[in-house]
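Asker: Just passing along the structure, written as structure tokens.
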Amino acid sequence: MNIDQPGVTVIKTQAELIAEAVENAAGGCDAFNVRMTSTFPRYIVNARPVKLLGDNVQIEFANVADKSECSSGILMNASGYMRFLMQLNGNSQHTVAKSFDIEQGIGSYQLRDKGVKFRKIKGKTPAEALQKLAAWLEKNADAIKSL
């Protein structure tokens, strides 16, 4: 059967859908890193796909140029350190997520003191969710840079 025929539906396996989500996330991570490097040139910004009980995207953000600037050389000791996580898998590791949500795992309490609140970010694709996170960081750039 020719799958290019009108009216023929191609059904993808969950493994294929997960692979597409991971590929979309990798491209989104690259775009996010470039965008954040231009907004925060002297900060550490690192978004990357990782395997942590399934496929995820981990985003680290710190208001230092190098971890040697942090107390004891530990990046998490930076005053503006934040870590975000987005799951690409659904409830089990064998299904793709229905929506891609970015949640803040570790946040800077100094930002909360300045009135900056983080709410869960949702996207239809991993790249869209990363674009929304970049927009949130750019919107709050003044508060982040004041840390």
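Ligands are numbered from 1 in the order shown, residues from 1 within each chain, and chains are lettered A, B, ... in the order they appear in the structure tokens.
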Determine which residues of region 35-145 of chain A DSSP labels as alpha helix (DSSP H) from the backbone of this structure, then write them out as a list of chain:residue names.

Answerer: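 Here are the alpha helix (DSSP H) residues of region 35-145 of chain A: A:Arg35, A:Met36, A:Thr37, A:Ser38, A:Thr39, A:Tyr109, A:Gln110, A:Leu111, A:Arg112, A:Asp113, A:Pro126, A:Ala127, A:Glu128, A:Ala129, A:Leu130, A:Gln131, A:Lys132, A:Leu133, A:Ala134, A:Ala135, A:Trp136, A:Leu137, A:Glu138, A:Lys139, A:Ala141, A:Asp142, A:Ala143, A:Ile144, A:Lys145.
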
Asker: Write out as a PyMOL selection string all residues of chain A that DSSP puts in strand (DSSP E or B) for this structure's backbone.

Answerer: chain A and resi 44-51+55-62+82-87+89+96+100-106+121-123

Asker: Include C-alpha atoms and write out the residues we just selected as a CSV table (one decimal), in the first residue's frame.

Answerer:
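Saved as again-v3.csv:
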```
chain,number,residue,atom,x,y,z
A,44,ILE,CA,26.2,29.7,32.3
A,45,VAL,CA,23.2,28.5,30.3
A,46,ASN,CA,23.0,24.8,29.4
A,47,ALA,CA,19.9,23.0,28.0
A,48,ARG,CA,20.4,19.4,26.9
A,49,PRO,CA,18.5,16.2,26.5
A,50,VAL,CA,19.3,13.7,29.2
A,51,LYS,CA,18.2,10.2,30.3
A,55,ASP,CA,13.9,11.0,28.2
A,56,ASN,CA,14.1,14.5,29.7
A,57,VAL,CA,15.5,17.9,29.0
A,58,GLN,CA,17.5,19.5,31.8
A,59,ILE,CA,18.1,23.3,31.7
A,60,GLU,CA,20.7,24.8,34.0
A,61,PHE,CA,21.1,28.5,34.5
A,62,ALA,CA,23.6,30.3,36.7
A,82,MET,CA,18.1,27.7,38.6
A,83,ARG,CA,17.4,24.2,37.2
A,84,PHE,CA,14.4,23.3,35.1
A,85,LEU,CA,13.3,19.9,33.9
A,86,MET,CA,11.0,18.8,31.1
A,87,GLN,CA,9.8,15.2,30.7
A,89,ASN,CA,7.9,10.6,28.2
A,96,VAL,CA,5.3,10.1,24.7
A,100,PHE,CA,5.6,19.1,27.4
A,101,ASP,CA,5.8,20.9,30.7
A,102,ILE,CA,8.8,22.7,32.1
A,103,GLU,CA,9.0,22.7,35.9
A,104,GLN,CA,11.5,24.4,38.1
A,105,GLY,CA,13.5,21.9,40.2
A,106,ILE,CA,15.8,24.3,41.9
A,121,ILE,CA,5.4,26.3,31.3
A,122,LYS,CA,3.5,24.1,28.8
A,123,GLY,CA,4.1,23.6,25.1
```

Asker: Which one is closest to Ser38 (chain A): A:Glu138, A:Val10, A:Ser72, A:Val22? Count only C-alpha atoms.

Answerer: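 Smallest separation from Ser38 (chain A) among the options: A:Glu138.
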
Asker: To one decimal place, how far is CA of Thr37 (chain A) from CA of Arg112 (chain A) in Å?

Answerer: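 One can read the CA of Thr37 (chain A) to CA of Arg112 (chain A) distance as 23.3 Å.
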